[in-house]
$ cat coords-v4.pdb   # PDB, C-alpha atoms
ATOM      1  CA  MET U  43     -49.978 -40.944-143.766  1.00  0.00           C
ATOM      2  CA  ASN U  44     -47.161 -38.875-142.238  1.00  0.00           C
ATOM      3  CA  LEU U  45     -44.885 -39.976-139.417  1.00  0.00           C
ATOM      4  CA  LYS U  46     -47.021 -38.271-136.746  1.00  0.00           C
ATOM      5  CA  ASP U  47     -50.184 -40.012-137.932  1.00  0.00           C
ATOM      6  CA  GLU U  48     -48.383 -43.367-138.063  1.00  0.00           C
ATOM      7  CA  PHE U  49     -47.189 -42.875-134.476  1.00  0.00           C
ATOM      8  CA  LYS U  50     -50.744 -42.072-133.324  1.00  0.00           C
ATOM      9  CA  ALA U  51     -52.081 -45.180-135.080  1.00  0.00           C
ATOM     10  CA  TRP U  52     -49.378 -47.321-133.444  1.00  0.00           C
ATOM     11  CA  GLN U  53     -50.253 -45.882-130.026  1.00  0.00           C
ATOM     12  CA  ALA U  54     -53.977 -46.621-130.550  1.00  0.00           C
ATOM     13  CA  SER U  55     -53.202 -50.168-131.655  1.00  0.00           C
ATOM     14  CA  ARG U  56     -50.954 -50.740-128.650  1.00  0.00           C
ATOM     15  CA  SER U  57     -53.599 -49.350-126.283  1.00  0.00           C
ATOM     16  CA  ALA U  58     -56.300 -51.618-127.768  1.00  0.00           C
ATOM     17  CA  CYS U  59     -54.012 -54.641-127.487  1.00  0.00           C
ATOM     18  CA  ALA U  60     -53.203 -53.825-123.859  1.00  0.00           C
ATOM     19  CA  SER U  61     -56.882 -53.397-122.974  1.00  0.00           C
ATOM     20  CA  GLY U  62     -57.654 -56.699-124.717  1.00  0.00           C
ATOM     21  CA  LYS U  63     -55.009 -58.499-122.664  1.00  0.00           C
ATOM     22  CA  ALA U  64     -56.264 -56.838-119.494  1.00  0.00           C
ATOM     23  CA  GLY U  65     -59.806 -57.964-120.311  1.00  0.00           C
ATOM     24  CA  LYS U  66     -58.674 -61.534-120.877  1.00  0.00           C
ATOM     25  CA  LEU U  67     -56.692 -61.462-117.643  1.00  0.00           C
ATOM     26  CA  LEU U  68     -59.728 -60.144-115.754  1.00  0.00           C
ATOM     27  CA  VAL U  69     -61.934 -62.921-117.161  1.00  0.00           C
ATOM     28  CA  LEU U  70     -59.319 -65.517-116.166  1.00  0.00           C
ATOM     29  CA  VAL U  71     -59.121 -64.148-112.619  1.00  0.00           C
ATOM     30  CA  ILE U  72     -62.928 -64.216-112.280  1.00  0.00           C
ATOM     31  CA  VAL U  73     -63.151 -67.813-113.549  1.00  0.00           C
ATOM     32  CA  LEU U  74     -60.401 -69.003-111.195  1.00  0.00           C
ATOM     33  CA  THR U  75     -62.064 -67.250-108.262  1.00  0.00           C
ATOM     34  CA  VAL U  76     -65.428 -68.877-109.011  1.00  0.00           C
ATOM     35  CA  VAL U  77     -63.770 -72.311-109.292  1.00  0.00           C
ATOM     36  CA  ALA U  78     -61.896 -71.799-106.016  1.00  0.00           C
ATOM     37  CA  LEU U  79     -65.085 -70.792-104.216  1.00  0.00           C
ATOM     38  CA  ALA U  80     -66.935 -73.779-105.676  1.00  0.00           C
ATOM     39  CA  GLN U  81     -64.171 -76.110-104.530  1.00  0.00           C
ATOM     40  CA  ASN U  82     -64.274 -74.652-101.031  1.00  0.00           C
ATOM     41  CA  ARG U  83     -68.045 -75.105-100.873  1.00  0.00           C
ATOM     42  CA  ARG U  84     -67.738 -78.707-101.971  1.00  0.00           C
ATOM     43  CA  GLU U  85     -65.047 -79.359 -99.360  1.00  0.00           C
ATOM     44  CA  VAL U  86     -67.737 -79.169 -96.693  1.00  0.00           C
ATOM     45  CA  ARG U  87     -70.090 -82.076 -97.304  1.00  0.00           C
ATOM     46  CA  PRO U  88     -73.698 -81.791 -96.125  1.00  0.00           C
ATOM     47  CA  ASP U  89     -74.597 -83.269 -92.763  1.00  0.00           C
ATOM     48  CA  HIS U  90     -76.460 -86.329 -93.986  1.00  0.00           C
ATOM     49  CA  GLY U  91     -77.461 -88.882 -91.429  1.00  0.00           C
ATOM     50  CA  SER U  92     -78.035 -89.055 -87.693  1.00  0.00           C
ATOM     51  CA  GLY U  93     -74.840 -90.848 -86.723  1.00  0.00           C
ATOM     52  CA  ASN U  94     -76.757 -94.081 -86.182  1.00  0.00           C
ATOM     53  CA  ALA U  95     -75.853 -96.107 -89.259  1.00  0.00           C
ATOM     54  CA  THR U  96     -77.601 -99.386 -89.982  1.00  0.00           C
ATOM     55  CA  SER U  97     -76.894-102.136 -92.496  1.00  0.00           C
ATOM     56  CA  ALA U  98     -78.102-101.523 -96.045  1.00  0.00           C
ATOM     57  CA  GLY U  99     -77.144-105.032 -97.151  1.00  0.00           C
ATOM     58  CA  GLY U 100     -73.767-106.566 -97.878  1.00  0.00           C
ATOM     59  CA  LYS U 101     -70.934-104.286 -96.751  1.00  0.00           C
ATOM     60  CA  TRP U 102     -73.025-101.126 -97.069  1.00  0.00           C
ATOM     61  CA  THR U 103     -74.298 -98.920 -94.252  1.00  0.00           C
ATOM     62  CA  GLU U 104     -77.172 -96.456 -94.386  1.00  0.00           C
ATOM     63  CA  ASP U 105     -77.826 -93.415 -92.228  1.00  0.00           C
ATOM     64  CA  ARG U 106     -81.087 -91.444 -92.459  1.00  0.00           C
ATOM     65  CA  ALA U 107     -82.040 -88.074 -91.018  1.00  0.00           C
ATOM     66  CA  GLU U 108     -84.556 -85.284 -91.512  1.00  0.00           C
ATOM     67  CA  ASP U 109     -83.569 -81.637 -91.735  1.00  0.00           C
ATOM     68  CA  PRO U 110     -85.194 -79.956 -88.708  1.00  0.00           C
ATOM     69  CA  MET U 111     -85.957 -76.764 -90.656  1.00  0.00           C
ATOM     70  CA  THR U 112     -86.885 -77.915 -94.156  1.00  0.00           C
ATOM     71  CA  ALA U 113     -87.998 -81.498 -93.397  1.00  0.00           C
ATOM     72  CA  ALA U 114     -85.745 -82.671 -96.253  1.00  0.00           C
ATOM     73  CA  LYS U 115     -85.101 -86.400 -96.166  1.00  0.00           C
ATOM     74  CA  ARG U 116     -81.337 -86.934 -96.122  1.00  0.00           C
ATOM     75  CA  VAL U 117     -79.690 -90.298 -96.556  1.00  0.00           C
ATOM     76  CA  ARG U 118     -76.063 -91.379 -96.645  1.00  0.00           C
ATOM     77  CA  PHE U 119     -74.906 -94.734 -98.038  1.00  0.00           C
ATOM     78  CA  GLU U 120     -71.337 -95.817 -97.404  1.00  0.00           C
ATOM     79  CA  ILE U 121     -69.096 -98.753 -98.259  1.00  0.00           C
ATOM     80  CA  ALA U 122     -65.509 -99.328 -97.129  1.00  0.00           C
ATOM     81  CA  ALA U 123     -62.775-100.733 -99.328  1.00  0.00           C
ATOM     82  CA  ASP U 124     -61.648-104.239 -98.476  1.00  0.00           C
ATOM     83  CA  SER U 125     -58.167-104.131-100.012  1.00  0.00           C
ATOM     84  CA  ALA U 126     -56.305-102.001 -97.457  1.00  0.00           C
ATOM     85  CA  THR U 127     -53.816-103.670 -95.114  1.00  0.00           C
ATOM     86  CA  ASP U 128     -54.034-100.776 -92.628  1.00  0.00           C
ATOM     87  CA  ARG U 129     -57.528 -99.804 -91.422  1.00  0.00           C
ATOM     88  CA  ASP U 130     -56.453 -96.156 -91.210  1.00  0.00           C
ATOM     89  CA  GLU U 131     -55.838 -96.307 -94.958  1.00  0.00           C
ATOM     90  CA  GLN U 132     -59.144 -97.995 -95.748  1.00  0.00           C
ATOM     91  CA  GLY U 133     -60.829 -95.945 -98.437  1.00  0.00           C
ATOM     92  CA  ASN U 134     -64.565 -95.631 -98.846  1.00  0.00           C
ATOM     93  CA  VAL U 135     -67.299 -94.442-101.173  1.00  0.00           C
ATOM     94  CA  ILE U 136     -70.121 -92.277 -99.819  1.00  0.00           C
ATOM     95  CA  PHE U 137     -73.396 -91.341-101.500  1.00  0.00           C
ATOM     96  CA  TYR U 138     -75.202 -88.228-100.220  1.00  0.00           C
ATOM     97  CA  CYS U 139     -78.871 -88.112-101.200  1.00  0.00           C
ATOM     98  CA  THR U 140     -81.703 -85.670-100.503  1.00  0.00           C
ATOM     99  CA  ASN U 141     -85.417 -86.165-101.166  1.00  0.00           C
ATOM    100  CA  GLY U 142     -84.907 -89.089-103.510  1.00  0.00           C
ATOM    101  CA  LYS U 143     -82.017 -87.614-105.557  1.00  0.00           C
ATOM    102  CA  LEU U 144     -78.264 -88.153-105.500  1.00  0.00           C
ATOM    103  CA  ASP U 145     -76.435 -84.987-104.421  1.00  0.00           C
ATOM    104  CA  LEU U 146     -72.857 -86.220-104.319  1.00  0.00           C
ATOM    105  CA  ALA U 147     -70.880 -89.429-104.711  1.00  0.00           C
ATOM    106  CA  ASP U 148     -67.427 -89.262-103.110  1.00  0.00           C
ATOM    107  CA  PHE U 149     -64.462 -91.591-103.361  1.00  0.00           C
ATOM    108  CA  ARG U 150     -62.329 -91.031-100.270  1.00  0.00           C
ATOM    109  CA  PRO U 151     -59.035 -92.944-100.531  1.00  0.00           C
ATOM    110  CA  ASN U 152     -57.969 -92.004 -96.969  1.00  0.00           C
ATOM    111  CA  VAL U 153     -54.379 -91.797 -98.211  1.00  0.00           C
ATOM    112  CA  ARG U 154     -52.529 -88.880 -99.724  1.00  0.00           C
ATOM    113  CA  ILE U 155     -53.528 -88.571-103.366  1.00  0.00           C
ATOM    114  CA  GLY U 156     -51.503 -87.141-106.225  1.00  0.00           C
ATOM    115  CA  ARG U 157     -51.912 -83.743-107.769  1.00  0.00           C
ATOM    116  CA  PRO U 158     -54.643 -83.174-110.362  1.00  0.00           C
ATOM    117  CA  ASP U 159     -53.594 -84.019-113.893  1.00  0.00           C
ATOM    118  CA  TRP U 160     -56.581 -82.811-115.869  1.00  0.00           C
ATOM    119  CA  ALA U 161     -58.769 -79.733-116.166  1.00  0.00           C
ATOM    120  CA  GLY U 162     -62.538 -79.951-116.505  1.00  0.00           C
ATOM    121  CA  TRP U 163     -64.749 -77.853-118.746  1.00  0.00           C
ATOM    122  CA  TRP U 164     -64.759 -74.962-116.246  1.00  0.00           C
ATOM    123  CA  GLY U 165     -61.100 -75.371-115.348  1.00  0.00           C
ATOM    124  CA  GLN U 166     -61.800 -77.379-112.199  1.00  0.00           C
ATOM    125  CA  PRO U 167     -58.917 -79.707-111.196  1.00  0.00           C
ATOM    126  CA  GLN U 168     -59.505 -83.361-111.985  1.00  0.00           C
ATOM    127  CA  MET U 169     -57.699 -86.681-111.705  1.00  0.00           C
ATOM    128  CA  ARG U 170     -57.824 -89.416-114.301  1.00  0.00           C
ATOM    129  CA  VAL U 171     -58.846 -92.718-112.732  1.00  0.00           C
ATOM    130  CA  ARG U 172     -59.419 -96.205-114.098  1.00  0.00           C
ATOM    131  CA  VAL U 173     -62.451 -98.158-112.941  1.00  0.00           C
ATOM    132  CA  ARG U 174     -63.193-101.861-113.129  1.00  0.00           C
ATOM    133  CA  ALA U 175     -66.787-102.983-112.618  1.00  0.00           C
ATOM    134  CA  ASP U 176     -66.769-106.787-112.833  1.00  0.00           C
ATOM    135  CA  GLN U 177     -65.212-107.417-116.280  1.00  0.00           C
ATOM    136  CA  ALA U 178     -65.694-103.909-117.712  1.00  0.00           C
ATOM    137  CA  HIS U 179     -62.954-101.254-117.625  1.00  0.00           C
ATOM    138  CA  SER U 180     -63.328 -97.512-118.171  1.00  0.00           C
ATOM    139  CA  ASP U 181     -61.374 -94.290-117.636  1.00  0.00           C
ATOM    140  CA  HIS U 182     -62.862 -91.221-115.984  1.00  0.00           C
ATOM    141  CA  SER U 183     -61.897 -87.682-114.965  1.00  0.00           C
ATOM    142  CA  TRP U 184     -63.158 -87.026-111.433  1.00  0.00           C
ATOM    143  CA  ASN U 185     -63.148 -83.636-109.734  1.00  0.00           C
ATOM    144  CA  TRP U 186     -60.204 -83.360-107.339  1.00  0.00           C
ATOM    145  CA  ILE U 187     -61.518 -81.792-104.127  1.00  0.00           C
ATOM    146  CA  ASN U 188     -58.681 -80.039-102.288  1.00  0.00           C
ATOM    147  CA  GLY U 189     -56.527 -83.166-102.283  1.00  0.00           C
ATOM    148  CA  HIS U 190     -58.840 -85.033 -99.893  1.00  0.00           C
ATOM    149  CA  PHE U 191     -61.249 -86.925-102.126  1.00  0.00           C
ATOM    150  CA  LEU U 192     -62.549 -87.342-105.664  1.00  0.00           C
ATOM    151  CA  ALA U 193     -66.098 -86.654-106.851  1.00  0.00           C
ATOM    152  CA  MET U 194     -67.439 -89.698-108.679  1.00  0.00           C
ATOM    153  CA  ASP U 195     -69.790 -89.247-111.632  1.00  0.00           C
ATOM    154  CA  LYS U 196     -73.343 -90.588-111.475  1.00  0.00           C
ATOM    155  CA  GLY U 197     -72.745 -93.197-114.190  1.00  0.00           C
ATOM    156  CA  THR U 198     -69.916 -94.774-112.210  1.00  0.00           C
ATOM    157  CA  ALA U 199     -72.024 -94.690-109.041  1.00  0.00           C
ATOM    158  CA  ARG U 200     -74.646 -96.730-110.923  1.00  0.00           C
ATOM    159  CA  GLU U 201     -71.948 -99.164-112.050  1.00  0.00           C
ATOM    160  CA  LEU U 202     -70.774 -99.546-108.465  1.00  0.00           C
ATOM    161  CA  ILE U 203     -74.149-100.537-107.038  1.00  0.00           C
ATOM    162  CA  GLY U 204     -74.671-103.093-109.808  1.00  0.00           C
ATOM    163  CA  ALA U 205     -71.263-104.775-109.579  1.00  0.00           C
ATOM    164  CA  HIS U 206     -69.916-107.719-107.590  1.00  0.00           C
ATOM    165  CA  LEU U 207     -66.297-106.606-107.971  1.00  0.00           C
ATOM    166  CA  PHE U 208     -65.377-102.942-108.160  1.00  0.00           C
ATOM    167  CA  ARG U 209     -61.895-101.426-108.275  1.00  0.00           C
ATOM    168  CA  ILE U 210     -60.601 -97.862-108.585  1.00  0.00           C
ATOM    169  CA  GLU U 211     -57.054 -97.160-109.697  1.00  0.00           C
ATOM    170  CA  PHE U 212     -55.921 -93.672-108.671  1.00  0.00           C
ATOM    171  CA  ARG U 213     -52.629 -91.851-108.305  1.00  0.00           C
ATOM    172  CA  THR U 214     -50.673 -91.119-105.146  1.00  0.00           C
ATOM    173  CA  PRO U 215     -47.300 -89.350-104.780  1.00  0.00           C
ATOM    174  CA  ASP U 216     -45.758 -92.844-104.643  1.00  0.00           C
ATOM    175  CA  GLY U 217     -47.454 -94.060-107.821  1.00  0.00           C
ATOM    176  CA  PRO U 218     -50.706 -95.786-108.787  1.00  0.00           C
ATOM    177  CA  ARG U 219     -52.807 -97.464-106.143  1.00  0.00           C
ATOM    178  CA  ILE U 220     -55.931 -99.615-106.277  1.00  0.00           C
ATOM    179  CA  ALA U 221     -58.913 -99.561-103.925  1.00  0.00           C
ATOM    180  CA  GLU U 222     -61.079-102.684-104.123  1.00  0.00           C
ATOM    181  CA  PHE U 223     -64.724-102.908-103.095  1.00  0.00           C
ATOM    182  CA  SER U 224     -67.256-105.720-102.772  1.00  0.00           C
ATOM    183  CA  PRO U 225     -70.580-103.914-103.345  1.00  0.00           C
ATOM    184  CA  ALA U 226     -72.809-106.979-103.830  1.00  0.00           C
ATOM    185  CA  GLY U 227     -75.664-107.399-101.378  1.00  0.00           C
ATOM    186  CA  LEU U 228     -76.817-103.769-101.301  1.00  0.00           C
ATOM    187  CA  ASP U 229     -80.590-103.363-101.013  1.00  0.00           C
ATOM    188  CA  LEU U 230     -81.149-101.727-104.400  1.00  0.00           C
ATOM    189  CA  ASN U 231     -84.730-100.738-103.627  1.00  0.00           C
ATOM    190  CA  ARG U 232     -83.550 -98.588-100.725  1.00  0.00           C
ATOM    191  CA  VAL U 233     -80.966 -96.837-102.900  1.00  0.00           C
ATOM    192  CA  LYS U 234     -83.528 -96.251-105.636  1.00  0.00           C
ATOM    193  CA  ASP U 235     -85.970 -94.792-103.128  1.00  0.00           C
ATOM    194  CA  ALA U 236     -83.423 -92.565-101.357  1.00  0.00           C
ATOM    195  CA  CYS U 237     -81.155 -91.547-104.253  1.00  0.00           C
ATOM    196  CA  GLY U 238     -82.978 -92.302-107.495  1.00  0.00           C
ATOM    197  CA  LEU U 239     -80.130 -94.637-108.491  1.00  0.00           C
ATOM    198  CA  THR U 240     -80.560 -97.857-110.433  1.00  0.00           C
ATOM    199  CA  PRO U 241     -77.747-100.255-111.302  1.00  0.00           C
ATOM    200  CA  LYS U 242     -75.962 -99.899-114.616  1.00  0.00           C
ATOM    201  CA  LYS U 243     -75.018-103.201-116.184  1.00  0.00           C
ATOM    202  CA  HIS U 244     -72.546-103.810-118.998  1.00  0.00           C
TER     203      HIS U 244
END

$ encode --input "coords-v4.pdb" --output "structure tokens"
Amino acid sequence: MNLKDEFKAWQASRSACASGKAGKLLVLVIVLTVVALAQNRREVRPDHGSGNATSAGGKWTEDRAEDPMTAAKRVRFEIAADSATDRDEQGNVIFYCTNGKLDLADFRPNVRIGRPDWAGWWGQPQMRVRVRADQAHSDHSWNWINGHFLAMDKGTARELIGAHLFRIEFRTPDGPRIAEFSPAGLDLNRVKDACGLTPKKH
């Protein structure tokens, strides 16, 4: 191969490499855009409930409503943390359920939370949290939703409704913080009917 042919081969190789990098960059941009759009959609929680909450047993409240267009049965269960000294900083957990299935389970600390420290399978931002359900401890990676709340997994939601003592350790800019809940007393039949959730025991 003469010098001219070598130069042409080098140019072709460089062009292929550049197009490969451009392709990878394009894929990365598309993935990040999809994740950002998904996060923005999840920021707006569905309008579950009528605004007339009633007791669901223990420290839980329940709010039921029917979608006027689709007739979907929507139910929201909520419990407030009992460890906050300031009511404005009282975190809560909310279950959103539609037609007998759990849609979302949110942990809302109601304080400023730290930055995400983990990336999920699709690159979504997550925060590592530690959970205590009675005497059992476990670590989880929950989706970090625009710095306002964390999306709890279904398994942990089942642990919550079956526990007497439930604590979540999460990060804030000032360091770790613990939210404590007393979930005992919830009418489990109502949660099973509205969300398809049954307690998970250790």

$ resolve_selection --input "coords-v4.pdb" --expression "the PyMOL selection byres ((chain U and resi 151) around 9)" --output "VMD selection string"
chain U and resid 123 131 to 135 149 to 150 152 to 155 190 to 192 212 221

$ resolve_selection --input "coords-v4.pdb" --expression "the PyMOL selection byres ((chain U and resi 237) around 9)" --output "list in words"
Val117, Phe137, Tyr138, Cys139, Thr140, Asn141, Gly142, Lys143, Leu144, Asp145, Arg232, Val233, Lys234, Asp235, Ala236, Gly238, Leu239 and Thr240 of chain U

$ atom_distance --input "coords-v4.pdb" --atom1 "atom CA of U:Ile210" --atom2 "atom CA of U:Asp195"
13.0 Å

$ resolve_selection --input "coords-v4.pdb" --expression "the PyMOL selection byres ((chain U and resi 161) around 12)" --output "tab-separated table (two decimals) with C-alpha atoms, keeping the file's coordinate frame"
chain	number	residue	atom	x	y	z
U	74	LEU	CA	-60.40	-69.00	-111.20
U	77	VAL	CA	-63.77	-72.31	-109.29
U	157	ARG	CA	-51.91	-83.74	-107.77
U	158	PRO	CA	-54.64	-83.17	-110.36
U	159	ASP	CA	-53.59	-84.02	-113.89
U	160	TRP	CA	-56.58	-82.81	-115.87
U	162	GLY	CA	-62.54	-79.95	-116.50
U	163	TRP	CA	-64.75	-77.85	-118.75
U	164	TRP	CA	-64.76	-74.96	-116.25
U	165	GLY	CA	-61.10	-75.37	-115.35
U	166	GLN	CA	-61.80	-77.38	-112.20
U	167	PRO	CA	-58.92	-79.71	-111.20
U	168	GLN	CA	-59.50	-83.36	-111.98
U	169	MET	CA	-57.70	-86.68	-111.70
U	170	ARG	CA	-57.82	-89.42	-114.30
U	183	SER	CA	-61.90	-87.68	-114.96
U	184	TRP	CA	-63.16	-87.03	-111.43
U	185	ASN	CA	-63.15	-83.64	-109.73
U	186	TRP	CA	-60.20	-83.36	-107.34

$ closest_residue --input "coords-v4.pdb" --among "U:Gly156, U:Gly99, U:Pro110, U:Pro241" --to "U:Glu211" --atoms "all atoms listed in the file"
U:Gly156

$ closest_residue --input "coords-v4.pdb" --among "U:Val171, U:Ile187, U:Asp176, U:Gly197" --to "U:Pro218" --atoms "all atoms listed in the file"
U:Val171

$ closest_residue --input "coords-v4.pdb" --among "U:Ala147, U:Ala175, U:Ile220, U:Leu228" --to "U:Ala199" --atoms "all atoms listed in the file"
U:Ala147

$ residues_around --input "coords-v4.pdb" --residues "stretch 172-174 of chain U" --least-positions-apart "4" --cutoff "10 Å" --atoms "only C-alpha atoms" --output "NGL selection string"
:U and (178-183 or 198 or 201-202 or 205 or 207-213 or 220-222)

$ atom_distance --input "coords-v4.pdb" --atom1 "atom CA of U:Arg118" --atom2 "atom CA of U:Ala98"
10.4 Å
